[in-house]
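*Asks:* Just one file: coords_35.cif, with mmCIF, C-alpha atoms and all ligand atoms.
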```cif
data_query
loop_
_atom_site.group_PDB
_atom_site.id
_atom_site.type_symbol
_atom_site.label_atom_id
_atom_site.label_comp_id
_atom_site.auth_asym_id
_atom_site.auth_seq_id
_atom_site.Cartn_x
_atom_site.Cartn_y
_atom_site.Cartn_z
ATOM 1 C CA MET A 1 13.729 19.259 -7.954
ATOM 2 C CA LEU A 2 10.835 16.847 -7.649
ATOM 3 C CA TYR A 3 11.101 14.528 -4.691
ATOM 4 C CA ARG A 4 9.288 11.321 -5.434
ATOM 5 C CA THR A 5 9.212 7.992 -3.663
ATOM 6 C CA ASP A 6 7.681 4.633 -4.544
ATOM 7 C CA TYR A 7 7.360 2.447 -1.458
ATOM 8 C CA HIS A 8 5.074 -0.314 -2.703
ATOM 9 C CA ILE A 9 6.929 -2.747 -4.966
ATOM 10 C CA HIS A 10 6.872 -6.544 -5.278
ATOM 11 C CA THR A 11 9.746 -8.683 -6.563
ATOM 12 C CA THR A 12 10.506 -12.395 -6.935
ATOM 13 C CA PHE A 13 10.770 -12.527 -3.121
ATOM 14 C CA SER A 14 6.934 -12.591 -3.278
ATOM 15 C CA ASP A 15 4.748 -12.370 -6.409
ATOM 16 C CA GLY A 16 6.752 -9.864 -8.479
ATOM 17 C CA LYS A 17 8.363 -10.719 -11.808
ATOM 18 C CA ALA A 18 11.959 -9.540 -11.262
ATOM 19 C CA GLU A 19 14.619 -9.216 -8.584
ATOM 20 C CA PRO A 20 14.884 -6.008 -6.558
ATOM 21 C CA ARG A 21 18.048 -4.941 -8.416
ATOM 22 C CA ASP A 22 16.128 -4.984 -11.729
ATOM 23 C CA TYR A 23 13.865 -2.196 -10.457
ATOM 24 C CA ILE A 24 16.657 0.315 -9.797
ATOM 25 C CA LEU A 25 17.242 1.623 -13.327
ATOM 26 C CA PRO A 26 13.527 2.016 -14.063
ATOM 27 C CA ALA A 27 13.189 3.875 -10.750
ATOM 28 C CA LEU A 28 15.972 6.273 -11.727
ATOM 29 C CA LYS A 29 14.398 6.752 -15.159
ATOM 30 C CA ALA A 30 11.085 7.526 -13.449
ATOM 31 C CA GLY A 31 12.896 10.263 -11.505
ATOM 32 C CA LEU A 32 12.467 8.668 -8.082
ATOM 33 C CA SER A 33 14.608 9.801 -5.167
ATOM 34 C CA GLU A 34 13.688 6.750 -3.113
ATOM 35 C CA ILE A 35 12.581 3.225 -3.964
ATOM 36 C CA GLY A 36 11.087 0.960 -1.325
ATOM 37 C CA PHE A 37 10.263 -2.733 -1.505
ATOM 38 C CA SER A 38 7.254 -4.268 0.212
ATOM 39 C CA GLU A 39 6.960 -8.027 -0.219
ATOM 40 C CA HIS A 40 3.724 -9.722 0.776
ATOM 41 C CA ILE A 41 3.586 -11.343 4.187
ATOM 42 C CA ALA A 42 0.316 -13.107 5.059
ATOM 43 C CA LEU A 43 0.925 -15.102 8.208
ATOM 44 C CA PHE A 44 -2.501 -16.763 8.256
ATOM 45 C CA ALA A 45 -3.367 -17.202 4.580
ATOM 46 C CA GLU A 46 -4.215 -20.684 3.336
ATOM 47 C CA ASN A 47 -2.874 -20.160 -0.158
ATOM 48 C CA THR A 48 0.499 -18.446 0.198
ATOM 49 C CA SER A 49 1.796 -18.736 -3.384
ATOM 50 C CA TRP A 50 1.650 -14.934 -3.708
ATOM 51 C CA CYS A 51 3.575 -14.309 -0.448
ATOM 52 C CA MET A 52 7.126 -14.364 0.758
ATOM 53 C CA ASP A 53 7.832 -17.305 3.054
ATOM 54 C CA PRO A 54 7.880 -15.665 6.512
ATOM 55 C CA GLY A 55 11.125 -17.569 7.127
ATOM 56 C CA ASN A 56 12.778 -15.775 4.199
ATOM 57 C CA THR A 57 12.403 -12.201 5.465
ATOM 58 C CA GLY A 58 15.944 -12.154 6.876
ATOM 59 C CA ASN A 59 17.368 -13.040 3.442
ATOM 60 C CA TYR A 60 15.228 -10.371 1.808
ATOM 61 C CA ILE A 61 16.495 -7.732 4.228
ATOM 62 C CA ARG A 62 20.118 -8.819 3.651
ATOM 63 C CA TYR A 63 19.649 -8.692 -0.121
ATOM 64 C CA LEU A 64 18.423 -5.091 0.155
ATOM 65 C CA ASP A 65 21.254 -4.180 2.553
ATOM 66 C CA ASN A 66 23.744 -5.393 -0.060
ATOM 67 C CA LEU A 67 21.966 -3.600 -2.880
ATOM 68 C CA ARG A 68 22.010 -0.403 -0.809
ATOM 69 C CA LYS A 69 25.803 -0.664 -0.521
ATOM 70 C CA GLU A 70 26.090 -0.891 -4.322
ATOM 71 C CA ARG A 71 23.959 2.154 -5.085
ATOM 72 C CA SER A 72 24.649 5.721 -4.076
ATOM 73 C CA ASP A 73 22.325 7.169 -6.730
ATOM 74 C CA ILE A 74 19.018 6.242 -5.098
ATOM 75 C CA ILE A 75 17.789 5.707 -1.547
ATOM 76 C CA ILE A 76 16.611 2.121 -1.024
ATOM 77 C CA ARG A 77 14.017 1.426 1.660
ATOM 78 C CA THR A 78 13.058 -1.901 3.180
ATOM 79 C CA GLY A 79 9.393 -2.511 3.868
ATOM 80 C CA LEU A 80 6.787 -5.250 3.926
ATOM 81 C CA GLU A 81 3.145 -5.368 2.865
ATOM 82 C CA VAL A 82 1.502 -7.303 5.656
ATOM 83 C CA ASP A 83 -2.030 -8.706 5.672
ATOM 84 C CA TYR A 84 -4.072 -7.695 8.678
ATOM 85 C CA TYR A 85 -5.969 -10.487 10.439
ATOM 86 C CA PRO A 86 -8.351 -9.473 13.219
ATOM 87 C CA GLY A 87 -7.497 -11.170 16.491
ATOM 88 C CA LYS A 88 -3.950 -11.954 15.328
ATOM 89 C CA GLU A 89 -2.393 -8.595 16.207
ATOM 90 C CA LYS A 90 -0.078 -9.979 18.899
ATOM 91 C CA VAL A 91 1.407 -12.761 16.742
ATOM 92 C CA THR A 92 1.763 -10.384 13.798
ATOM 93 C CA GLY A 93 3.424 -7.737 15.966
ATOM 94 C CA ASP A 94 5.821 -10.244 17.535
ATOM 95 C CA TYR A 95 6.800 -11.456 14.079
ATOM 96 C CA LEU A 96 7.345 -7.950 12.662
ATOM 97 C CA ASP A 97 9.274 -6.723 15.701
ATOM 98 C CA LYS A 98 12.103 -9.089 14.760
ATOM 99 C CA PHE A 99 12.951 -7.032 11.690
ATOM 100 C CA ASP A 100 14.560 -3.691 11.090
ATOM 101 C CA LEU A 101 12.199 -2.097 8.575
ATOM 102 C CA ASP A 102 11.795 1.413 7.213
ATOM 103 C CA TYR A 103 8.013 1.037 7.132
ATOM 104 C CA ARG A 104 5.220 -1.501 7.368
ATOM 105 C CA ILE A 105 2.361 -1.339 4.883
ATOM 106 C CA GLY A 106 -0.850 -2.826 6.239
ATOM 107 C CA SER A 107 -3.292 -4.450 3.819
ATOM 108 C CA VAL A 108 -6.722 -5.960 3.853
ATOM 109 C CA HIS A 109 -7.080 -8.476 1.009
ATOM 110 C CA TYR A 110 -9.339 -10.941 2.835
ATOM 111 C CA LEU A 111 -12.814 -10.522 4.239
ATOM 112 C CA GLY A 112 -13.309 -13.754 6.123
ATOM 113 C CA ASP A 113 -11.827 -16.598 4.080
ATOM 114 C CA MET A 114 -12.202 -14.880 0.726
ATOM 115 C CA SER A 115 -9.869 -12.499 -1.008
ATOM 116 C CA VAL A 116 -11.790 -9.493 -2.357
ATOM 117 C CA ASP A 117 -9.494 -9.136 -5.385
ATOM 118 C CA ASN A 118 -9.643 -12.695 -6.773
ATOM 119 C CA GLY A 119 -12.653 -12.384 -9.029
ATOM 120 C CA PRO A 120 -16.017 -10.648 -9.507
ATOM 121 C CA GLU A 121 -17.875 -13.840 -8.440
ATOM 122 C CA TYR A 122 -17.275 -12.837 -4.840
ATOM 123 C CA TYR A 123 -19.528 -9.799 -5.295
ATOM 124 C CA GLU A 124 -22.365 -11.316 -7.260
ATOM 125 C CA GLY A 125 -25.603 -11.567 -5.281
ATOM 126 C CA ARG A 126 -24.116 -9.811 -2.266
ATOM 127 C CA ASN A 127 -25.222 -6.558 -0.663
ATOM 128 C CA ILE A 128 -22.512 -4.165 -1.866
ATOM 129 C CA ASP A 129 -23.324 -1.558 0.803
ATOM 130 C CA ILE A 130 -22.636 -4.126 3.502
ATOM 131 C CA LEU A 131 -19.469 -5.330 1.759
ATOM 132 C CA PHE A 132 -18.123 -1.763 1.612
ATOM 133 C CA GLU A 133 -18.957 -1.199 5.248
ATOM 134 C CA ASN A 134 -17.319 -4.481 6.303
ATOM 135 C CA TYR A 135 -14.229 -3.765 4.225
ATOM 136 C CA PHE A 136 -13.771 -0.248 5.598
ATOM 137 C CA ASN A 137 -14.329 -1.462 9.154
ATOM 138 C CA MET A 138 -11.600 -4.046 8.682
ATOM 139 C CA VAL A 139 -9.236 -1.369 7.337
ATOM 140 C CA ILE A 140 -10.112 0.819 10.335
ATOM 141 C CA ASP A 141 -9.224 -2.087 12.635
ATOM 142 C CA ALA A 142 -5.908 -2.459 10.783
ATOM 143 C CA VAL A 143 -5.224 1.255 11.327
ATOM 144 C CA SER A 144 -6.120 0.965 15.015
ATOM 145 C CA SER A 145 -3.897 -2.093 15.528
ATOM 146 C CA GLY A 146 -0.779 0.063 15.754
ATOM 147 C CA LEU A 147 1.038 -2.448 13.552
ATOM 148 C CA PHE A 148 1.333 -0.320 10.430
ATOM 149 C CA ASP A 149 2.810 2.947 9.138
ATOM 150 C CA ILE A 150 0.989 3.077 5.788
ATOM 151 C CA ILE A 151 -2.296 1.550 4.654
ATOM 152 C CA ALA A 152 -2.346 0.034 1.154
ATOM 153 C CA HIS A 153 -5.170 0.474 -1.404
ATOM 154 C CA CYS A 154 -7.665 1.481 1.305
ATOM 155 C CA ASP A 155 -10.696 0.870 -0.919
ATOM 156 C CA LEU A 156 -9.614 -2.302 -2.733
ATOM 157 C CA ILE A 157 -13.255 -3.375 -2.424
ATOM 158 C CA ARG A 158 -13.861 -1.153 -5.515
ATOM 159 C CA ILE A 159 -11.669 -3.405 -7.659
ATOM 160 C CA PHE A 160 -14.409 -4.954 -9.824
ATOM 161 C CA GLY A 161 -16.494 -1.807 -10.055
ATOM 162 C CA PHE A 162 -19.428 -2.933 -7.908
ATOM 163 C CA LYS A 163 -20.972 0.209 -6.426
ATOM 164 C CA PRO A 164 -22.919 0.655 -3.203
ATOM 165 C CA ALA A 165 -26.411 2.174 -3.479
ATOM 166 C CA GLN A 166 -25.595 4.697 -0.754
ATOM 167 C CA SER A 167 -22.679 7.139 -1.159
ATOM 168 C CA PRO A 168 -19.668 5.666 0.676
ATOM 169 C CA GLU A 169 -18.377 9.155 1.534
ATOM 170 C CA TYR A 170 -19.045 8.656 5.266
ATOM 171 C CA LEU A 171 -16.804 5.567 5.230
ATOM 172 C CA TYR A 172 -13.893 7.576 3.799
ATOM 173 C CA ARG A 173 -14.468 10.264 6.440
ATOM 174 C CA LYS A 174 -14.540 7.722 9.260
ATOM 175 C CA LEU A 175 -11.395 6.013 7.959
ATOM 176 C CA ALA A 176 -9.523 9.295 7.468
ATOM 177 C CA ARG A 177 -10.323 10.461 11.013
ATOM 178 C CA ARG A 178 -9.068 7.198 12.467
ATOM 179 C CA MET A 179 -5.872 7.391 10.385
ATOM 180 C CA LYS A 180 -5.178 10.900 11.598
ATOM 181 C CA GLU A 181 -5.684 9.862 15.246
ATOM 182 C CA ALA A 182 -3.493 6.792 14.847
ATOM 183 C CA GLY A 183 -0.771 8.623 12.902
ATOM 184 C CA VAL A 184 -1.015 6.273 9.926
ATOM 185 C CA ALA A 185 -0.451 7.358 6.321
ATOM 186 C CA PHE A 186 -2.365 6.180 3.248
ATOM 187 C CA GLU A 187 -1.294 5.728 -0.349
ATOM 188 C CA VAL A 188 -2.530 6.716 -3.735
ATOM 189 C CA ASN A 189 -2.040 3.331 -5.393
ATOM 190 C CA THR A 190 -1.640 3.778 -9.150
ATOM 191 C CA ASN A 191 -1.815 0.039 -9.899
ATOM 192 C CA GLY A 192 -5.606 0.227 -9.715
ATOM 193 C CA ARG A 193 -5.336 1.627 -13.262
ATOM 194 C CA ASN A 194 -4.059 -1.807 -14.392
ATOM 195 C CA ARG A 195 -6.865 -3.685 -12.630
ATOM 196 C CA PRO A 196 -10.561 -4.074 -13.589
ATOM 197 C CA ILE A 197 -11.574 -0.797 -11.869
ATOM 198 C CA ALA A 198 -9.091 1.004 -14.187
ATOM 199 C CA ASP A 199 -8.519 3.838 -11.734
ATOM 200 C CA PHE A 200 -6.350 4.615 -8.741
ATOM 201 C CA TYR A 201 -7.141 3.739 -5.128
ATOM 202 C CA PRO A 202 -8.605 5.504 -3.271
ATOM 203 C CA ASP A 203 -11.599 6.828 -5.224
ATOM 204 C CA ARG A 204 -10.417 10.223 -6.501
ATOM 205 C CA ARG A 205 -13.759 11.825 -5.543
ATOM 206 C CA PHE A 206 -12.849 11.383 -1.889
ATOM 207 C CA LEU A 207 -9.138 12.218 -1.899
ATOM 208 C CA SER A 208 -9.748 15.696 -0.472
ATOM 209 C CA ILE A 209 -11.355 14.107 2.622
ATOM 210 C CA PHE A 210 -7.962 12.685 3.610
ATOM 211 C CA PHE A 211 -6.402 16.118 3.169
ATOM 212 C CA GLU A 212 -9.135 17.851 5.182
ATOM 213 C CA GLU A 213 -8.645 15.368 8.014
ATOM 214 C CA GLY A 214 -4.841 15.814 7.944
ATOM 215 C CA VAL A 215 -3.827 12.295 6.902
ATOM 216 C CA PRO A 216 -0.241 11.944 5.558
ATOM 217 C CA ILE A 217 0.010 10.673 1.982
ATOM 218 C CA CYS A 218 2.343 8.564 -0.182
ATOM 219 C CA VAL A 219 2.105 7.844 -3.899
ATOM 220 C CA ASN A 220 2.907 4.209 -4.723
ATOM 221 C CA SER A 221 2.829 2.037 -7.843
ATOM 222 C CA ASP A 222 2.311 -1.420 -6.292
ATOM 223 C CA ALA A 223 4.513 -2.551 -9.214
ATOM 224 C CA HIS A 224 4.943 -6.270 -9.763
ATOM 225 C CA MET A 225 7.316 -5.703 -12.720
ATOM 226 C CA PRO A 226 10.085 -3.153 -13.318
ATOM 227 C CA GLU A 227 8.322 -1.263 -16.103
ATOM 228 C CA ARG A 228 5.550 -0.271 -13.701
ATOM 229 C CA VAL A 229 7.714 1.520 -11.132
ATOM 230 C CA GLY A 230 6.485 5.085 -10.807
ATOM 231 C CA GLN A 231 3.724 4.381 -13.350
ATOM 232 C CA TYR A 232 1.118 7.166 -13.780
ATOM 233 C CA PHE A 233 2.861 9.278 -11.126
ATOM 234 C CA ASP A 234 2.503 12.585 -13.030
ATOM 235 C CA GLU A 235 -1.249 12.176 -13.001
ATOM 236 C CA ALA A 236 -1.295 10.939 -9.405
ATOM 237 C CA TYR A 237 0.721 13.939 -8.185
ATOM 238 C CA GLU A 238 -1.623 16.309 -10.012
ATOM 239 C CA LEU A 239 -4.539 14.708 -8.182
ATOM 240 C CA VAL A 240 -2.733 14.869 -4.853
ATOM 241 C CA LYS A 241 -1.911 18.547 -5.326
ATOM 242 C CA ASN A 242 -5.454 19.319 -6.439
ATOM 243 C CA ALA A 243 -6.722 17.669 -3.256
ATOM 244 C CA GLY A 244 -4.663 20.262 -1.333
ATOM 245 C CA TYR A 245 -1.529 18.335 -0.424
ATOM 246 C CA THR A 246 1.811 20.178 -0.441
ATOM 247 C CA GLU A 247 3.909 17.506 1.249
ATOM 248 C CA MET A 248 4.423 13.756 1.273
ATOM 249 C CA ALA A 249 5.347 11.235 3.934
ATOM 250 C CA VAL A 250 8.806 9.643 3.763
ATOM 251 C CA PHE A 251 9.935 6.882 6.100
ATOM 252 C CA GLU A 252 13.246 5.764 7.544
ATOM 253 C CA LYS A 253 13.398 3.152 10.329
ATOM 254 C CA ARG A 254 9.685 3.659 10.879
ATOM 255 C CA VAL A 255 10.092 7.370 11.574
ATOM 256 C CA ARG A 256 7.940 9.546 9.356
ATOM 257 C CA LYS A 257 9.116 12.871 7.969
ATOM 258 C CA MET A 258 7.335 15.186 5.596
ATOM 259 C CA LYS A 259 8.869 16.312 2.281
ATOM 260 C CA LYS A 260 7.593 19.212 0.201
ATOM 261 C CA ILE A 261 6.017 18.343 -3.121
ATOM 262 C CA THR A 262 7.533 20.844 -5.542
HETATM 263 ZN ZN ZN B 1 -2.043 -5.408 -1.758
HETATM 264 ZN ZN ZN B 2 1.039 -4.786 -3.059
#
```
How does this structure look as structure tokens?
Ligand SMILES: [Zn+2]
Ligand SMILES: [Zn+2]
*Replies:*
Amino acid sequence: MLYRTDYHIHTTFSDGKAEPRDYILPALKAGLSEIGFSEHIALFAENTSWCMDPGNTGNYIRYLDNLRKERSDIIIRTGLEVDYYPGKEKVTGDYLDKFDLDYRIGSVHYLGDMSVDNGPEYYEGRNIDILFENYFNMVIDAVSSGLFDIIAHCDLIRIFGFKPAQSPEYLYRKLARRMKEAGVAFEVNTNGRNRPIADFYPDRRFLSIFFEEGVPICVNSDAHMPERVGQYFDEAYELVKNAGYTEMAVFEKRVRKMKKIT
């Protein structure tokens, strides 16, 4: 039997369109063995309309605890997608340590004050090579922080299709090596297909680098609505297998285990 998980899902607790319970049937239909929720937490963002109120995390965890009691047909995991802010590791860690989570997904959405996924204007007139380098370095710092178990959309900087002049392969290699050393997993994020880049994160040309370096992998939808749970997973798993992977990372109480992809 196929063992599939989807650990990156947003609901009305942050910027998703439906409650967690509304995602269960679609997850079963998609053949998932585990579903995990990961509401946005951005402790230092100025505009927080897309985030869960950090004071509401206890309610979110209780909601999922109750839902877990109702369902014996699927494993429900509790996670968060947390923005990484350089220099704020201690405050972020102290906040996260208060909660009993199955995993923490670390994200870089902001470079400085600007979110890299808001619009293409951000990229116009900028040196794309430098932007890529800055973005990857920030992700590497997030990996090194020790705060996270999984890194989300590790090359979100591709979102609007702006390409560096130089091949970014060395950035993927550097990131993958750091992830392996730090024991942090990455995700194939299928939601990139629904965004302007119209393809998964990370860049499929470099997926085998993560395998060569021994980085654990997850496949996630980053769904913000129930019909996108497990979206494009058949294609994503083909890619993952073609890159050499035979097992996936699963998480419970922040302990990682590997499951065979069959
Ligand atoms: Zn994200
Ligand atoms: Zn997300």
*Asks:* Against ligand ZN 2 (chain B), which residues of chain A fall within 7 Å? For each one I want the closest pair of atoms and the distance in Å (one decimal), counting only C-alpha atoms and all ligand atoms, rows by chain and increasing residue number, as a Markdown table.
*Replies:*
```
| residue | atom | partner | partner_atom | distance |
| --- | --- | --- | --- | --- |
| A:His8 | CA | B:ZN2 | ZN | 6.0 |
| A:Ile9 | CA | B:ZN2 | ZN | 6.5 |
| A:His10 | CA | B:ZN2 | ZN | 6.5 |
| A:His40 | CA | B:ZN2 | ZN | 6.8 |
| A:Glu81 | CA | B:ZN2 | ZN | 6.3 |
| A:Asp222 | CA | B:ZN2 | ZN | 4.8 |
```
*Asks:* Neighbours of ligand ZN 1 (chain B) within 9 Å, counting only C-alpha atoms and all ligand atoms, as an NGL selection string?
*Replies:* :A and (8 or 40 or 81-83 or 105-109 or 152-153 or 156 or 222)
*Asks:* Got a sec: who's within 8 Å of stretch 135-138 of chain A, counting only C-alpha atoms, leaving out chain neighbours fewer than 3 positions off, as a PDB file with C-alpha atoms, in the coordinates of the input?
*Replies:*
```pdb
ATOM      1  CA  PRO A  86      -8.351  -9.473  13.219  1.00  0.00           C
ATOM      2  CA  VAL A 108      -6.722  -5.960   3.853  1.00  0.00           C
ATOM      3  CA  LEU A 111     -12.814 -10.522   4.239  1.00  0.00           C
ATOM      4  CA  LEU A 131     -19.469  -5.330   1.759  1.00  0.00           C
ATOM      5  CA  PHE A 132     -18.123  -1.763   1.612  1.00  0.00           C
ATOM      6  CA  ASP A 141      -9.224  -2.087  12.635  1.00  0.00           C
ATOM      7  CA  ALA A 142      -5.908  -2.459  10.783  1.00  0.00           C
ATOM      8  CA  CYS A 154      -7.665   1.481   1.305  1.00  0.00           C
ATOM      9  CA  ASP A 155     -10.696   0.870  -0.919  1.00  0.00           C
ATOM     10  CA  ILE A 157     -13.255  -3.375  -2.424  1.00  0.00           C
ATOM     11  CA  LEU A 171     -16.804   5.567   5.230  1.00  0.00           C
ATOM     12  CA  LEU A 175     -11.395   6.013   7.959  1.00  0.00           C
TER      13      LEU A 175
END
```
*Asks:* Between stretch 176-248 of chain A and stretch 25-32 of chain A, at 12 Å or less, what are the per-residue closest atom pairs and their distances in Å? Count all atoms listed in the file, order by chain and rising residue number, and return it as JSON lines.
*Replies:*
```
{"residue": "A:Val219", "atom": "CA", "partner": "A:Leu32", "partner_atom": "CA", "distance": 11.2}
{"residue": "A:Asn220", "atom": "CA", "partner": "A:Leu32", "partner_atom": "CA", "distance": 11.1}
{"residue": "A:Ser221", "atom": "CA", "partner": "A:Ala27", "partner_atom": "CA", "distance": 10.9}
{"residue": "A:Ala223", "atom": "CA", "partner": "A:Ala27", "partner_atom": "CA", "distance": 10.9}
{"residue": "A:Met225", "atom": "CA", "partner": "A:Pro26", "partner_atom": "CA", "distance": 10.0}
{"residue": "A:Pro226", "atom": "CA", "partner": "A:Pro26", "partner_atom": "CA", "distance": 6.3}
{"residue": "A:Glu227", "atom": "CA", "partner": "A:Pro26", "partner_atom": "CA", "distance": 6.5}
{"residue": "A:Arg228", "atom": "CA", "partner": "A:Pro26", "partner_atom": "CA", "distance": 8.3}
{"residue": "A:Val229", "atom": "CA", "partner": "A:Ala27", "partner_atom": "CA", "distance": 6.0}
{"residue": "A:Gly230", "atom": "CA", "partner": "A:Ala30", "partner_atom": "CA", "distance": 5.8}
{"residue": "A:Gln231", "atom": "CA", "partner": "A:Ala30", "partner_atom": "CA", "distance": 8.0}
{"residue": "A:Tyr232", "atom": "CA", "partner": "A:Ala30", "partner_atom": "CA", "distance": 10.0}
{"residue": "A:Phe233", "atom": "CA", "partner": "A:Ala30", "partner_atom": "CA", "distance": 8.7}
{"residue": "A:Asp234", "atom": "CA", "partner": "A:Ala30", "partner_atom": "CA", "distance": 10.0}
```
*Asks:* For this structure, which residues satisfy the selection - the PyMOL selection byres (((chain A and resi 261) around 10) and not hetatm) - when it is evaluated on the file as given? I want them as an mmCIF file with C-alpha atoms, keeping the file's coordinate frame.
*Replies:*
```
data_model
loop_
_atom_site.group_PDB
_atom_site.id
_atom_site.type_symbol
_atom_site.label_atom_id
_atom_site.label_comp_id
_atom_site.auth_asym_id
_atom_site.auth_seq_id
_atom_site.Cartn_x
_atom_site.Cartn_y
_atom_site.Cartn_z
ATOM 1 C CA MET A 1 13.729 19.259 -7.954
ATOM 2 C CA LEU A 2 10.835 16.847 -7.649
ATOM 3 C CA TYR A 3 11.101 14.528 -4.691
ATOM 4 C CA ARG A 4 9.288 11.321 -5.434
ATOM 5 C CA TYR A 237 0.721 13.939 -8.185
ATOM 6 C CA VAL A 240 -2.733 14.869 -4.853
ATOM 7 C CA LYS A 241 -1.911 18.547 -5.326
ATOM 8 C CA TYR A 245 -1.529 18.335 -0.424
ATOM 9 C CA THR A 246 1.811 20.178 -0.441
ATOM 10 C CA GLU A 247 3.909 17.506 1.249
ATOM 11 C CA MET A 248 4.423 13.756 1.273
ATOM 12 C CA MET A 258 7.335 15.186 5.596
ATOM 13 C CA LYS A 259 8.869 16.312 2.281
ATOM 14 C CA LYS A 260 7.593 19.212 0.201
ATOM 15 C CA THR A 262 7.533 20.844 -5.542
#
```
*Asks:* Starting from the PyMOL selection byres (((chain A and resi 36) around 7) and not hetatm), expand the selection into actual residues of this file and give them as a list of chain:residue names.
*Replies:* A:Asp6, A:Tyr7, A:His8, A:Ile9, A:Glu34, A:Ile35, A:Phe37, A:Ser38, A:Ile76, A:Arg77, A:Thr78, A:Gly79
*Asks:* With the cut-off set at 10 Å and counting only C-alpha atoms, tabulate each residue of stretch 67-185 of chain A with an atom at most that distance from an atom of stretch 43-51 of chain A, showing the nearest atom pair and its distance in Å to one decimal, ordered by chain and increasing number, as CSV.
*Replies:*
```
residue,atom,partner,partner_atom,distance
A:Glu81,CA,A:Cys51,CA,9.5
A:Val82,CA,A:Leu43,CA,8.2
A:Asp83,CA,A:Leu43,CA,7.5
A:Tyr84,CA,A:Leu43,CA,8.9
A:Tyr85,CA,A:Phe44,CA,7.5
A:Lys88,CA,A:Phe44,CA,8.7
A:Val91,CA,A:Leu43,CA,8.9
A:Thr92,CA,A:Leu43,CA,7.4
A:Tyr95,CA,A:Leu43,CA,9.1
A:Tyr110,CA,A:Ala45,CA,8.8
A:Asp113,CA,A:Ala45,CA,8.5
A:Met114,CA,A:Ala45,CA,9.9
A:Ser115,CA,A:Ala45,CA,9.8
```
*Asks:* I need the residues from that last selection saved to file as a compact mmCIF listing (two decimals), in the coordinates of the input (with C-alpha atoms), if you can.
*Replies:*
```txt
# COMPACT_ATOMS: atom_id res chain seq x y z
CA GLU A 81 3.14 -5.37 2.86
CA VAL A 82 1.50 -7.30 5.66
CA ASP A 83 -2.03 -8.71 5.67
CA TYR A 84 -4.07 -7.70 8.68
CA TYR A 85 -5.97 -10.49 10.44
CA LYS A 88 -3.95 -11.95 15.33
CA VAL A 91 1.41 -12.76 16.74
CA THR A 92 1.76 -10.38 13.80
CA TYR A 95 6.80 -11.46 14.08
CA TYR A 110 -9.34 -10.94 2.84
CA ASP A 113 -11.83 -16.60 4.08
CA MET A 114 -12.20 -14.88 0.73
CA SER A 115 -9.87 -12.50 -1.01
```
*Asks:* When you look at A:Tyr172 with a cut-off of 10 Å (counting only C-alpha atoms), what residues show up, excluding the ones that are within fewer than 5 positions of it in the same chain? I need them as a list of chain:residue names.
*Replies:*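 Residues meeting the cut-off are A:Phe136, A:Cys154, A:Asp155, A:Arg177, A:Arg178, A:Pro202, A:Asp203, A:Phe206, A:Leu207, A:Ile209, A:Phe210.
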*Asks:* Which residues, written as a list of chain:residue names, have at least one atom at most 7 Å from A:Phe200, with all atoms listed in the file counted and residues fewer than 6 positions away on the same chain left out?
*Replies:*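 In the requested form, the answer reads A:Val188, A:Asn189, A:Thr190, A:Asn191, A:Gly192, A:Arg193.
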*Asks:* Report the distance between atom CA of A:Glu238 and atom CA of A:Ser208 in Å, rounded to one decimal place.
*Replies:*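 We find that atom CA of A:Glu238 and atom CA of A:Ser208 lie 12.5 Å from each other.
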*Asks:* Which residues, protein or nucleic acid, reach to within 12 Å of (-18.1, 0.0, -11.0) in the file's coordinates when using only C-alpha atoms, and can you give that as a list of chain:residue names?
*Replies:*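 Residues found, by chain and rising number: A:Pro120, A:Tyr123, A:Ile128, A:Ile157, A:Arg158, A:Ile159, A:Phe160, A:Gly161, A:Phe162, A:Lys163, A:Pro164, A:Ala165, A:Arg195, A:Pro196, A:Ile197, A:Ala198, A:Asp199, A:Asp203.
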*Asks:* Kindly save the residues from that selection, with C-alpha atoms included, as a compact mmCIF listing (two decimals), in the frame of the given file.
*Replies:*
```txt
# COMPACT_ATOMS: atom_id res chain seq x y z
CA PRO A 120 -16.02 -10.65 -9.51
CA TYR A 123 -19.53 -9.80 -5.30
CA ILE A 128 -22.51 -4.16 -1.87
CA ILE A 157 -13.26 -3.38 -2.42
CA ARG A 158 -13.86 -1.15 -5.52
CA ILE A 159 -11.67 -3.40 -7.66
CA PHE A 160 -14.41 -4.95 -9.82
CA GLY A 161 -16.49 -1.81 -10.06
CA PHE A 162 -19.43 -2.93 -7.91
CA LYS A 163 -20.97 0.21 -6.43
CA PRO A 164 -22.92 0.66 -3.20
CA ALA A 165 -26.41 2.17 -3.48
CA ARG A 195 -6.86 -3.68 -12.63
CA PRO A 196 -10.56 -4.07 -13.59
CA ILE A 197 -11.57 -0.80 -11.87
CA ALA A 198 -9.09 1.00 -14.19
CA ASP A 199 -8.52 3.84 -11.73
CA ASP A 203 -11.60 6.83 -5.22
```
*Asks:* In Å, with one decimal, what is the gap from atom CA of A:Gly112 to atom CA of A:Gly87?
*Replies:* 12.2 Å
*Asks:* As an exercise, work out the distance from atom CA of A:Gln166 to atom CA of A:Ala243 in Å and give it to one decimal place.
*Replies:* 23.0 Å
*Asks:* Counting all atoms listed in the file, what is within 9 Å of A:Ser144, bar same-chain residues fewer than 6 positions away, as a list in words?
*Replies:*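 Once the nearby chain positions are removed, what remains is Arg178, Met179, Glu181, Ala182 and Val184 of chain A.
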*Asks:* Since we have the selection now, will you write its residues out, keeping C-alpha atoms, as a PDB file, keeping the file's coordinate frame?
*Replies:*
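And here's again11.pdb as it stands now:
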```pdb
ATOM      1  CA  ARG A 178      -9.068   7.198  12.467  1.00  0.00           C
ATOM      2  CA  MET A 179      -5.872   7.391  10.385  1.00  0.00           C
ATOM      3  CA  GLU A 181      -5.684   9.862  15.246  1.00  0.00           C
ATOM      4  CA  ALA A 182      -3.493   6.792  14.847  1.00  0.00           C
ATOM      5  CA  VAL A 184      -1.015   6.273   9.926  1.00  0.00           C
TER       6      VAL A 184
END
```
